[in-house]
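Trainee: Provided below: final-v4.pdb, containing PDB, C-alpha atoms.
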```
ATOM      1  CA  MET A   1      16.914  -9.740 -11.919
ATOM      2  CA  ARG A   2      20.214  -8.135 -12.733
ATOM      3  CA  LEU A   3      20.782  -5.781 -15.634
ATOM      4  CA  ASP A   4      24.300  -5.746 -17.058
ATOM      5  CA  GLN A   5      25.912  -3.530 -19.632
ATOM      6  CA  ARG A   6      24.473  -5.438 -22.577
ATOM      7  CA  GLY A   7      21.138  -6.391 -21.035
ATOM      8  CA  ASP A   8      17.810  -4.630 -21.051
ATOM      9  CA  SER A   9      18.209  -0.906 -20.622
ATOM     10  CA  ALA A  10      21.829  -1.194 -19.596
ATOM     11  CA  HIS A  11      22.258   2.502 -20.322
ATOM     12  CA  SER A  12      19.812   5.295 -19.681
ATOM     13  CA  GLY A  13      20.314   6.736 -23.154
ATOM     14  CA  VAL A  14      19.195   5.365 -26.488
ATOM     15  CA  MET A  15      20.961   2.122 -27.285
ATOM     16  CA  THR A  16      22.219   1.253 -30.705
ATOM     17  CA  GLY A  17      23.335  -1.978 -32.290
ATOM     18  CA  PRO A  18      21.759  -5.046 -33.873
ATOM     19  CA  GLN A  19      20.422  -6.365 -30.557
ATOM     20  CA  ASP A  20      18.402  -3.158 -30.112
ATOM     21  CA  ASP A  21      17.057  -2.831 -33.646
ATOM     22  CA  PHE A  22      13.318  -3.449 -33.446
ATOM     23  CA  SER A  23      12.452  -1.753 -36.728
ATOM     24  CA  HIS A  24      11.243  -5.043 -38.166
ATOM     25  CA  LEU A  25       8.463  -5.232 -35.555
ATOM     26  CA  ASP A  26       5.044  -3.658 -35.872
ATOM     27  CA  ARG A  27       4.006  -0.690 -33.728
ATOM     28  CA  ALA A  28       2.765  -2.855 -30.855
ATOM     29  CA  GLY A  29       5.925  -4.942 -30.930
ATOM     30  CA  ARG A  30       8.175  -1.875 -30.842
ATOM     31  CA  ALA A  31       6.185  -0.433 -27.939
ATOM     32  CA  THR A  32       6.495  -3.693 -26.021
ATOM     33  CA  ALA A  33      10.237  -3.832 -26.695
ATOM     34  CA  ASP A  34      10.674  -0.247 -25.488
ATOM     35  CA  VAL A  35       8.868  -1.076 -22.239
ATOM     36  CA  ALA A  36      10.904  -4.256 -21.726
ATOM     37  CA  ARG A  37      14.256  -2.475 -22.031
ATOM     38  CA  ASN A  38      13.265   0.513 -19.873
ATOM     39  CA  PRO A  39      13.199  -0.429 -16.156
ATOM     40  CA  ARG A  40      11.874   2.969 -15.055
ATOM     41  CA  LEU A  41       8.949   2.776 -17.477
ATOM     42  CA  THR A  42       8.276  -0.829 -16.520
ATOM     43  CA  VAL A  43       8.130  -0.115 -12.796
ATOM     44  CA  ASN A  44       5.897   2.928 -13.371
ATOM     45  CA  ILE A  45       3.453   0.840 -15.380
ATOM     46  CA  VAL A  46       3.430  -2.048 -12.904
ATOM     47  CA  VAL A  47       3.099   0.162  -9.814
ATOM     48  CA  GLY A  48       0.472   2.372 -11.430
ATOM     49  CA  ALA A  49      -1.551  -0.617 -12.621
ATOM     50  CA  SER A  50      -1.312  -2.240  -9.174
ATOM     51  CA  ILE A  51      -2.614   0.884  -7.446
ATOM     52  CA  LEU A  52      -5.429   1.259  -9.974
ATOM     53  CA  LEU A  53      -6.398  -2.407  -9.653
ATOM     54  CA  ALA A  54      -6.349  -2.214  -5.859
ATOM     55  CA  TRP A  55      -8.559   0.879  -5.748
ATOM     56  CA  SER A  56     -10.958  -0.585  -8.314
ATOM     57  CA  SER A  57     -11.306  -3.819  -6.343
ATOM     58  CA  LEU A  58     -11.778  -2.010  -3.036
ATOM     59  CA  ALA A  59     -14.289   0.440  -4.514
ATOM     60  CA  THR A  60     -16.335  -2.443  -5.911
ATOM     61  CA  MET A  61     -16.155  -4.226  -2.562
ATOM     62  CA  ALA A  62     -17.209  -1.033  -0.754
ATOM     63  CA  ILE A  63     -20.272  -0.699  -2.994
ATOM     64  CA  ARG A  64     -21.227  -4.291  -2.195
ATOM     65  CA  GLY A  65     -20.685  -3.681   1.505
ATOM     66  CA  ALA A  66     -22.771  -0.492   1.554
ATOM     67  CA  GLU A  67     -25.898  -2.541   0.878
ATOM     68  CA  ALA A  68     -25.455  -4.639   4.010
ATOM     69  CA  ARG A  69     -24.425  -1.861   6.368
ATOM     70  CA  GLY A  70     -26.666   0.615   8.076
ATOM     71  CA  SER A  71     -25.499   4.201   7.961
ATOM     72  CA  ALA A  72     -21.732   4.273   7.764
ATOM     73  CA  PRO A  73     -20.254   7.469   6.283
ATOM     74  CA  GLY A  74     -20.604   7.501   2.509
ATOM     75  CA  ASP A  75     -22.857   4.447   2.302
ATOM     76  CA  THR A  76     -25.778   6.456   0.933
ATOM     77  CA  LEU A  77     -23.623   7.661  -1.937
ATOM     78  CA  LEU A  78     -22.194   4.192  -2.572
ATOM     79  CA  ARG A  79     -25.627   2.587  -2.655
ATOM     80  CA  GLY A  80     -26.634   4.986  -5.412
ATOM     81  CA  LEU A  81     -23.809   3.858  -7.704
ATOM     82  CA  PRO A  82     -24.541   1.275 -10.390
ATOM     83  CA  GLN A  83     -23.477  -2.299  -9.667
ATOM     84  CA  LEU A  84     -21.713  -4.231 -12.359
ATOM     85  CA  PRO A  85     -22.061  -8.009 -12.698
ATOM     86  CA  LEU A  86     -19.048  -9.777 -11.262
ATOM     87  CA  PRO A  87     -17.641 -13.280 -11.613
ATOM     88  CA  ASP A  88     -18.695 -15.758  -8.938
ATOM     89  CA  PHE A  89     -15.215 -15.970  -7.422
ATOM     90  CA  LEU A  90     -15.188 -12.199  -6.822
ATOM     91  CA  GLU A  91     -18.634 -12.305  -5.256
ATOM     92  CA  ARG A  92     -17.439 -15.082  -2.972
ATOM     93  CA  PHE A  93     -14.275 -13.154  -2.127
ATOM     94  CA  PHE A  94     -16.300 -10.050  -1.235
ATOM     95  CA  ALA A  95     -18.687 -12.116   0.888
ATOM     96  CA  LEU A  96     -15.820 -13.649   2.842
ATOM     97  CA  CYS A  97     -14.345 -10.207   3.500
ATOM     98  CA  LEU A  98     -17.507  -8.284   4.331
ATOM     99  CA  SER A  99     -19.657 -10.660   6.328
ATOM    100  CA  PRO A 100     -18.880 -10.683  10.074
ATOM    101  CA  ALA A 101     -21.099 -13.733  10.549
ATOM    102  CA  PRO A 102     -19.514 -17.186  10.075
ATOM    103  CA  LEU A 103     -20.050 -18.598   6.615
ATOM    104  CA  ASP A 104     -20.134 -22.182   5.454
ATOM    105  CA  ALA A 105     -16.454 -21.954   4.622
ATOM    106  CA  SER A 106     -13.501 -23.111   6.644
ATOM    107  CA  ILE A 107     -11.223 -20.678   8.428
ATOM    108  CA  VAL A 108      -8.500 -21.001   5.783
ATOM    109  CA  PRO A 109     -10.279 -19.421   2.776
ATOM    110  CA  ARG A 110     -11.755 -16.785   5.086
ATOM    111  CA  ALA A 111      -8.329 -15.893   6.453
ATOM    112  CA  LEU A 112      -6.804 -15.812   2.957
ATOM    113  CA  ALA A 113      -9.577 -13.518   1.748
ATOM    114  CA  LEU A 114      -9.008 -11.106   4.629
ATOM    115  CA  ILE A 115      -5.249 -11.132   4.061
ATOM    116  CA  LEU A 116      -5.811 -10.253   0.413
ATOM    117  CA  MET A 117      -8.266  -7.516   1.386
ATOM    118  CA  TRP A 118      -5.795  -5.877   3.773
ATOM    119  CA  PHE A 119      -2.996  -6.275   1.237
ATOM    120  CA  LEU A 120      -5.117  -4.481  -1.371
ATOM    121  CA  MET A 121      -5.711  -1.728   1.172
ATOM    122  CA  ALA A 122      -1.962  -1.437   1.753
ATOM    123  CA  ILE A 123      -1.263  -1.231  -1.980
ATOM    124  CA  ALA A 124      -3.967   1.393  -2.460
ATOM    125  CA  ALA A 125      -3.104   3.581   0.528
ATOM    126  CA  MET A 126       0.635   3.018   1.078
ATOM    127  CA  LEU A 127       2.246   2.229  -2.272
ATOM    128  CA  PRO A 128       1.635   5.778  -3.619
ATOM    129  CA  SER A 129       3.599   7.181  -0.677
ATOM    130  CA  ALA A 130       6.506   4.898  -1.655
ATOM    131  CA  ALA A 131       6.766   6.576  -5.068
ATOM    132  CA  PRO A 132       9.594   8.942  -3.965
ATOM    133  CA  MET A 133      11.620   5.973  -2.731
ATOM    134  CA  ILE A 134      11.078   4.080  -5.987
ATOM    135  CA  ARG A 135      11.923   7.169  -8.037
ATOM    136  CA  THR A 136      15.102   7.716  -6.019
ATOM    137  CA  TYR A 137      16.201   4.136  -6.670
ATOM    138  CA  CYS A 138      15.574   4.586 -10.396
ATOM    139  CA  GLU A 139      17.647   7.775 -10.429
ATOM    140  CA  ILE A 140      20.580   6.073  -8.702
ATOM    141  CA  ALA A 141      20.202   3.100 -11.057
ATOM    142  CA  ASP A 142      20.301   5.414 -14.077
ATOM    143  CA  THR A 143      23.570   6.880 -12.825
ATOM    144  CA  ALA A 144      24.988   3.393 -12.336
ATOM    145  CA  ARG A 145      23.973   2.327 -15.844
ATOM    146  CA  ILE A 146      25.608   5.396 -17.354
ATOM    147  CA  LYS A 147      28.826   4.290 -15.677
ATOM    148  CA  GLY A 148      28.358   0.810 -17.112
ATOM    149  CA  GLU A 149      27.688  -0.789 -13.743
ATOM    150  CA  PRO A 150      25.158  -3.636 -13.328
ATOM    151  CA  VAL A 151      21.906  -2.804 -11.539
ATOM    152  CA  VAL A 152      18.961  -4.774 -10.193
ATOM    153  CA  HIS A 153      15.518  -4.116 -11.620
ATOM    154  CA  PRO A 154      13.428  -1.662  -9.509
ATOM    155  CA  LEU A 155      10.606  -4.200  -9.274
ATOM    156  CA  VAL A 156      12.805  -6.261  -6.933
ATOM    157  CA  LEU A 157      12.894  -3.284  -4.571
ATOM    158  CA  VAL A 158       9.113  -2.910  -4.833
ATOM    159  CA  ALA A 159       8.675  -6.626  -4.103
ATOM    160  CA  GLY A 160      10.669  -6.293  -0.899
ATOM    161  CA  TYR A 161       8.624  -3.273   0.157
ATOM    162  CA  LEU A 162       5.314  -5.011  -0.488
ATOM    163  CA  GLY A 163       6.528  -8.168   1.221
ATOM    164  CA  VAL A 164       6.549  -6.284   4.528
ATOM    165  CA  TRP A 165       3.000  -5.056   3.991
ATOM    166  CA  LEU A 166       1.918  -8.585   3.080
ATOM    167  CA  ALA A 167       3.214  -9.769   6.446
ATOM    168  CA  ALA A 168       1.432  -6.861   8.142
ATOM    169  CA  SER A 169      -1.754  -7.797   6.289
ATOM    170  CA  MET A 170      -1.625 -11.196   7.962
ATOM    171  CA  VAL A 171      -1.601  -9.508  11.362
ATOM    172  CA  PHE A 172      -4.463  -7.168  10.466
ATOM    173  CA  ALA A 173      -6.424 -10.123   9.076
ATOM    174  CA  THR A 174      -5.940 -11.963  12.364
ATOM    175  CA  LEU A 175      -7.292  -8.942  14.253
ATOM    176  CA  THR A 176     -10.259  -8.827  11.893
ATOM    177  CA  LEU A 177     -10.996 -12.492  12.504
ATOM    178  CA  GLY A 178     -10.878 -11.805  16.218
ATOM    179  CA  VAL A 179     -13.357  -8.958  15.863
ATOM    180  CA  HIS A 180     -15.642 -11.188  13.792
ATOM    181  CA  ALA A 181     -15.409 -13.960  16.375
ATOM    182  CA  PHE A 182     -16.318 -11.802  19.364
ATOM    183  CA  ALA A 183     -18.730  -9.405  17.652
ATOM    184  CA  ALA A 184     -22.326  -9.676  18.717
ATOM    185  CA  SER A 185     -23.496  -8.227  15.413
ATOM    186  CA  GLY A 186     -22.233  -6.897  12.112
ATOM    187  CA  GLU A 187     -22.400  -3.372  13.556
ATOM    188  CA  ILE A 188     -19.176  -3.867  15.488
ATOM    189  CA  TYR A 189     -17.368  -1.659  12.972
ATOM    190  CA  ASP A 190     -19.575   1.372  13.712
ATOM    191  CA  PRO A 191     -17.328   3.648  15.823
ATOM    192  CA  LEU A 192     -20.340   4.823  17.868
ATOM    193  CA  LEU A 193     -21.109   1.335  19.186
ATOM    194  CA  GLY A 194     -17.885  -0.060  20.605
ATOM    195  CA  VAL A 195     -15.038   0.707  22.958
ATOM    196  CA  ALA A 196     -12.769  -1.166  20.546
ATOM    197  CA  GLY A 197     -13.069   1.671  18.050
ATOM    198  CA  ALA A 198     -12.167   4.216  20.712
ATOM    199  CA  LEU A 199      -9.135   2.176  21.769
ATOM    200  CA  ALA A 200      -7.958   1.926  18.165
ATOM    201  CA  LEU A 201      -8.236   5.701  17.807
ATOM    202  CA  LEU A 202      -6.467   6.186  21.144
ATOM    203  CA  VAL A 203      -3.520   4.008  20.108
ATOM    204  CA  ALA A 204      -3.288   5.727  16.724
ATOM    205  CA  GLY A 205      -3.440   9.181  18.299
ATOM    206  CA  LEU A 206      -0.811   8.493  20.963
ATOM    207  CA  TYR A 207       1.528   6.919  18.426
ATOM    208  CA  GLN A 208       1.544  10.143  16.410
ATOM    209  CA  PHE A 209       3.453  11.773  19.307
ATOM    210  CA  SER A 210       5.913   8.924  19.868
ATOM    211  CA  GLY A 211       9.641   9.022  19.190
ATOM    212  CA  LEU A 212       9.425   5.800  17.183
ATOM    213  CA  LYS A 213       6.933   7.411  14.828
ATOM    214  CA  GLU A 214       9.263  10.367  14.328
ATOM    215  CA  ALA A 215      12.289   8.126  13.738
ATOM    216  CA  CYS A 216      10.466   6.049  11.132
ATOM    217  CA  LEU A 217       9.118   9.163   9.448
ATOM    218  CA  LYS A 218      12.622  10.610   9.086
ATOM    219  CA  LYS A 219      13.771   7.444   7.335
ATOM    220  CA  CYS A 220      10.792   7.564   4.972
ATOM    221  CA  ARG A 221      11.393  11.217   4.144
ATOM    222  CA  ASN A 222      15.020  10.668   3.161
ATOM    223  CA  PRO A 223      15.301   7.452   1.155
ATOM    224  CA  PHE A 224      18.350   8.623  -0.808
ATOM    225  CA  SER A 225      20.824   8.217   2.044
ATOM    226  CA  ILE A 226      19.616   4.683   2.808
ATOM    227  CA  LEU A 227      19.499   3.564  -0.824
ATOM    228  CA  PHE A 228      22.841   5.136  -1.718
ATOM    229  CA  SER A 229      24.757   3.901   1.332
ATOM    230  CA  ASN A 230      23.366   0.371   0.948
ATOM    231  CA  TRP A 231      23.520   0.200  -2.848
ATOM    232  CA  SER A 232      24.029  -3.288  -4.236
ATOM    233  CA  ALA A 233      23.938  -5.110  -7.563
ATOM    234  CA  THR A 234      22.676  -8.302  -5.898
ATOM    235  CA  ALA A 235      18.969  -9.067  -6.196
ATOM    236  CA  THR A 236      18.657 -10.506  -2.675
ATOM    237  CA  ARG A 237      20.241  -7.422  -1.135
ATOM    238  CA  VAL A 238      18.011  -5.077  -3.126
ATOM    239  CA  PHE A 239      14.983  -7.095  -2.042
ATOM    240  CA  ARG A 240      16.186  -6.763   1.543
ATOM    241  CA  LEU A 241      16.684  -3.033   0.979
ATOM    242  CA  GLY A 242      13.087  -2.739  -0.180
ATOM    243  CA  ALA A 243      11.987  -4.692   2.892
ATOM    244  CA  VAL A 244      13.873  -2.281   5.152
ATOM    245  CA  GLN A 245      12.081   0.647   3.525
ATOM    246  CA  GLY A 246       8.833  -1.235   3.981
ATOM    247  CA  ILE A 247       9.575  -1.665   7.696
ATOM    248  CA  TRP A 248      10.162   2.066   8.084
ATOM    249  CA  CYS A 249       6.906   2.737   6.244
ATOM    250  CA  LEU A 250       5.071   0.234   8.413
ATOM    251  CA  GLY A 251       6.543   1.931  11.468
ATOM    252  CA  CYS A 252       5.035   5.199  10.250
ATOM    253  CA  CYS A 253       1.597   3.956   9.310
ATOM    254  CA  TRP A 254       0.587   0.811  11.204
ATOM    255  CA  ALA A 255      -1.318   2.776  13.847
ATOM    256  CA  LEU A 256      -3.170   4.785  11.206
ATOM    257  CA  MET A 257      -4.378   1.523   9.690
ATOM    258  CA  LEU A 258      -6.015   0.752  13.042
ATOM    259  CA  VAL A 259      -8.348   3.682  12.397
ATOM    260  CA  MET A 260     -10.071   1.467   9.836
ATOM    261  CA  PHE A 261     -11.333  -0.697  12.707
ATOM    262  CA  ALA A 262     -13.101   2.358  14.126
ATOM    263  CA  VAL A 263     -14.626   3.751  10.942
ATOM    264  CA  GLY A 264     -15.285   0.457   9.145
ATOM    265  CA  VAL A 265     -12.699  -1.778   7.525
ATOM    266  CA  MET A 266     -14.143  -1.178   4.066
ATOM    267  CA  ASN A 267     -14.827   2.562   4.451
ATOM    268  CA  ILE A 268     -13.236   3.645   1.198
ATOM    269  CA  PHE A 269     -13.518   7.353   1.997
ATOM    270  CA  TRP A 270     -11.416   7.010   5.145
ATOM    271  CA  MET A 271      -9.019   4.736   3.297
ATOM    272  CA  ALA A 272      -8.476   7.450   0.708
ATOM    273  CA  LEU A 273      -8.049  10.057   3.457
ATOM    274  CA  ILE A 274      -5.408   7.939   5.195
ATOM    275  CA  GLY A 275      -3.600   7.443   1.891
ATOM    276  CA  VAL A 276      -3.580  11.187   1.135
ATOM    277  CA  PHE A 277      -2.480  12.062   4.671
ATOM    278  CA  THR A 278       0.335   9.493   4.542
ATOM    279  CA  LEU A 279       1.580  10.995   1.290
ATOM    280  CA  ILE A 280       1.471  14.534   2.726
ATOM    281  CA  GLU A 281       3.102  13.473   5.987
ATOM    282  CA  LYS A 282       6.063  11.887   4.198
ATOM    283  CA  GLN A 283       6.560  14.864   1.876
ATOM    284  CA  THR A 284       6.522  17.617   4.505
ATOM    285  CA  THR A 285       9.470  18.373   6.763
ATOM    286  CA  GLY A 286       7.642  19.751   9.776
ATOM    287  CA  ARG A 287       5.876  17.874  12.557
ATOM    288  CA  LEU A 288       2.649  19.872  12.392
ATOM    289  CA  PRO A 289       0.612  17.405  10.230
ATOM    290  CA  THR A 290       1.634  14.468  12.442
ATOM    291  CA  ARG A 291       0.855  16.245  15.713
ATOM    292  CA  LEU A 292      -2.382  17.713  14.380
ATOM    293  CA  ALA A 293      -3.600  14.293  13.237
ATOM    294  CA  GLY A 294      -2.657  12.841  16.624
ATOM    295  CA  ALA A 295      -4.620  15.514  18.492
ATOM    296  CA  ILE A 296      -7.688  14.950  16.313
ATOM    297  CA  LEU A 297      -7.540  11.199  16.869
ATOM    298  CA  LEU A 298      -7.218  11.625  20.644
ATOM    299  CA  VAL A 299     -10.191  13.981  20.847
ATOM    300  CA  TRP A 300     -12.192  11.618  18.652
ATOM    301  CA  ALA A 301     -11.207   8.652  20.828
ATOM    302  CA  ALA A 302     -12.256  10.439  24.006
ATOM    303  CA  ALA A 303     -15.620  11.444  22.558
ATOM    304  CA  LEU A 304     -16.241   7.951  21.232
ATOM    305  CA  LEU A 305     -15.296   6.403  24.559
ATOM    306  CA  VAL A 306     -17.733   8.654  26.440
ATOM    307  CA  ILE A 307     -20.520   7.752  24.045
ATOM    308  CA  SER A 308     -19.751   4.033  24.193
ATOM    309  CA  LEU A 309     -19.687   3.750  27.984
TER     310      LEU A 309
END
```
Once more with this new file: its structure as structure tokens, please.

Mentor:
Amino acid sequence: MRLDQRGDSAHSGVMTGPQDDFSHLDRAGRATADVARNPRLTVNIVVGASILLAWSSLATMAIRGAEARGSAPGDTLLRGLPQLPLPDFLERFFALCLSPAPLDASIVPRALALILMWFLMAIAAMLPSAAPMIRTYCEIADTARIKGEPVVHPLVLVAGYLGVWLAASMVFATLTLGVHAFAASGEIYDPLLGVAGALALLVAGLYQFSGLKEACLKKCRNPFSILFSNWSATATRVFRLGAVQGIWCLGCCWALMLVMFAVGVMNIFWMALIGVFTLIEKQTTGRLPTRLAGAILLVWAAALLVISL
């Protein structure tokens, strides 16, 4: 959506005039009006709520999955947590995501459930690292509004960014379906039992040293130049701009997401670790964290491969 000079939050300062007088509303109404006319506040609320919802859903799913697994890292702790009653559709969703054995459902709902699961993982682990990019867009938009120029709502940028991760989630879901199809047992996700886990770690480790990884990381670390040079007041172009940032982010992190195949797709502790590392990696200027993570993954892959063979 486009914000013009007279629209919602057209200026970063306090607006005056009859169209902005909400004194006749109650406290809740005034609070809602303030949120509606403040794009920066709106995007913070939506992004924050999305991250919280994603982590809550994944944590609940991880607790459910800990009961069925053997001895994956953190499962003992998860099994000790209280389980809350959930609606039937959530229980069914969790079952479709967690069970490697074929269920009495067609491939379509199973695939959709896995896509949603991976998309929730992307929101939880990757969207926080996009906060500097979103903040930079809001700062440029504030400057444009002060000058009286029209701007596009930041949520359009976020939608473009998440659209890329939704497409990536489809690919990861396809890989998960393949693992489920060829797995002899539900223990395929234990990194000590399969060469597939070692290969995933090997790919992730080698990619940390690649030039493509470094190029994508540089783009993620400096969103201002991209956003400023490609600034537009057209919603489609801003959506495309968000998608470009999402592609750079995907270029940085797709290999790290493969680690989840080695440690367990629903291992929430590793998911949190990947999310924290991604945030640190994008905020630091040196190459030490990237290279160090790559070396650790390669050593881990070699050890796992020796054990598996």

Trainee: Please report as a Markdown table every residue of segment 252-282 of chain A lying within 9 Å of segment 219-243 of chain A, along with the nearest atom pair and their distance in Å (one decimal), using all atoms listed in the file.

Mentor:
```
| residue | atom | partner | partner_atom | distance |
| --- | --- | --- | --- | --- |
| A:Cys252 | CA | A:Cys220 | CA | 8.2 |
| A:Glu281 | CA | A:Arg221 | CA | 8.8 |
| A:Lys282 | CA | A:Arg221 | CA | 5.4 |
```

Trainee: So, with all atoms listed in the file as the atoms that count, which of A:Met117, A:Trp270, A:Leu155, A:Trp254 lies closest to Ile45 of chain A?

Mentor: A:Leu155

Trainee: Centre and edge lengths, as JSON, for the axis-aligned box enclosing every listed atom of segment 56-64 of chain A with 6 Å of padding on each of the six sides, in Å to one decimal?

Mentor:
```
{"center_x": -16.1, "center_y": -1.9, "center_z": -4.5, "size_x": 22.3, "size_y": 16.7, "size_z": 19.6}
```

Trainee: Go through A:Val306, A:Leu157, A:Ala293, A:Cys216 and flag the residue nearest Val47 of chain A, using all atoms listed in the file for the distances.

Mentor: A:Leu157

Trainee: Near Ala167 of chain A, counting all atoms listed in the file, which residues have an atom at most 12 Å away, once you skip same-chain residues fewer than 5 positions from it, shown as a list in words?

Mentor: Ile115, Leu116, Trp118, Phe119, Ala122, Gly160, Tyr161, Leu162, Phe172, Ala173, Thr174, Ala243, Gly246, Ile247, Leu250 and Trp254 of chain A

Trainee: Find, counting all atoms listed in the file, the residue in A:Val43, A:Glu91, A:Glu214, A:Ser169 that gets nearest to Tyr137 of chain A.

Mentor: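 Going through A:Val43, A:Glu91, A:Glu214, A:Ser169 one by one, the smallest distance to Tyr137 of chain A is for A:Val43.
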
Trainee: When the PyMOL selection byres ((chain A and resi 175-178) around 10) is applied to the file above, which residues end up in the set, as a list in words?

Mentor: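 Selection result, ordered by chain and number: Cys97, Pro100, Ile107, Arg110, Ala111, Leu114, Ile115, Trp118, Ser169, Met170, Val171, Phe172, Ala173, Thr174, Val179, His180, Ala181, Phe182, Ala183, Leu258, Phe261 and Val265 of chain A.
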
Trainee: If you measure from atom CA of Phe209 of chain A to atom CA of Val259 of chain A, what distance in Å do you get, rounded to one decimal?

Mentor: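 Distance between the two atoms: 15.9 Å.
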
Trainee: Given the choices A:Ser50, A:Met126, A:Thr42, A:Gly148, which gets closest to Phe277 of chain A if the distance is worked out from only C-alpha atoms?

Mentor: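 Between A:Ser50, A:Met126, A:Thr42, A:Gly148, the residue approaching Phe277 of chain A most closely is A:Met126.
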
Trainee: As an exercise, work out the distance from atom CA of Asp88 of chain A to atom CA of Leu166 of chain A in Å and give it to one decimal place.

Mentor: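 Separation of atom CA of Asp88 of chain A and atom CA of Leu166 of chain A: 24.9 Å.
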
Trainee: Can you list, as a PyMOL selection string, the residues that the PyMOL selection byres ((chain A and resi 57) around 12) selects here?

Mentor: chain A and resi 50-56+58-64+86+90-91+93-94+116-121+123-124+266+268

Trainee: Export, as a short mmCIF file (atom, residue, chain, number, x, y, z; two decimals), keeping the file's coordinate frame, the selected residues with C-alpha atoms.

Mentor:
```cif
data_model
loop_
_atom_site.label_atom_id
_atom_site.label_comp_id
_atom_site.auth_asym_id
_atom_site.auth_seq_id
_atom_site.Cartn_x
_atom_site.Cartn_y
_atom_site.Cartn_z
CA SER A 50 -1.31 -2.24 -9.17
CA ILE A 51 -2.61 0.88 -7.45
CA LEU A 52 -5.43 1.26 -9.97
CA LEU A 53 -6.40 -2.41 -9.65
CA ALA A 54 -6.35 -2.21 -5.86
CA TRP A 55 -8.56 0.88 -5.75
CA SER A 56 -10.96 -0.58 -8.31
CA LEU A 58 -11.78 -2.01 -3.04
CA ALA A 59 -14.29 0.44 -4.51
CA THR A 60 -16.34 -2.44 -5.91
CA MET A 61 -16.16 -4.23 -2.56
CA ALA A 62 -17.21 -1.03 -0.75
CA ILE A 63 -20.27 -0.70 -2.99
CA ARG A 64 -21.23 -4.29 -2.19
CA LEU A 86 -19.05 -9.78 -11.26
CA LEU A 90 -15.19 -12.20 -6.82
CA GLU A 91 -18.63 -12.30 -5.26
CA PHE A 93 -14.28 -13.15 -2.13
CA PHE A 94 -16.30 -10.05 -1.24
CA LEU A 116 -5.81 -10.25 0.41
CA MET A 117 -8.27 -7.52 1.39
CA TRP A 118 -5.80 -5.88 3.77
CA PHE A 119 -3.00 -6.28 1.24
CA LEU A 120 -5.12 -4.48 -1.37
CA MET A 121 -5.71 -1.73 1.17
CA ILE A 123 -1.26 -1.23 -1.98
CA ALA A 124 -3.97 1.39 -2.46
CA MET A 266 -14.14 -1.18 4.07
CA ILE A 268 -13.24 3.64 1.20
#
```

Trainee: From the list A:Pro39, A:Met260, A:Pro87, A:Leu298, which residue is nearest Asp142 of chain A when using only C-alpha atoms?

Mentor: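 Of the candidates, the smallest distance to Asp142 of chain A is held by A:Pro39.
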
Trainee: Pull out every residue that the PyMOL selection byres ((chain A and resi 299) around 12) matches in the shown coordinates and put them as a compact mmCIF listing (two decimals) with C-alpha atoms, in the frame of the given file.

Mentor:
```txt
# COMPACT_ATOMS: atom_id res chain seq x y z
CA ALA A 198 -12.17 4.22 20.71
CA LEU A 199 -9.14 2.18 21.77
CA LEU A 201 -8.24 5.70 17.81
CA LEU A 202 -6.47 6.19 21.14
CA ALA A 204 -3.29 5.73 16.72
CA GLY A 205 -3.44 9.18 18.30
CA LEU A 206 -0.81 8.49 20.96
CA LEU A 292 -2.38 17.71 14.38
CA ALA A 293 -3.60 14.29 13.24
CA GLY A 294 -2.66 12.84 16.62
CA ALA A 295 -4.62 15.51 18.49
CA ILE A 296 -7.69 14.95 16.31
CA LEU A 297 -7.54 11.20 16.87
CA LEU A 298 -7.22 11.62 20.64
CA TRP A 300 -12.19 11.62 18.65
CA ALA A 301 -11.21 8.65 20.83
CA ALA A 302 -12.26 10.44 24.01
CA ALA A 303 -15.62 11.44 22.56
CA LEU A 304 -16.24 7.95 21.23
CA LEU A 305 -15.30 6.40 24.56
CA VAL A 306 -17.73 8.65 26.44
```

Trainee: Quick one, how far is atom CA of Val151 of chain A from atom CA of Gln283 of chain A?

Mentor: 27.0 Å
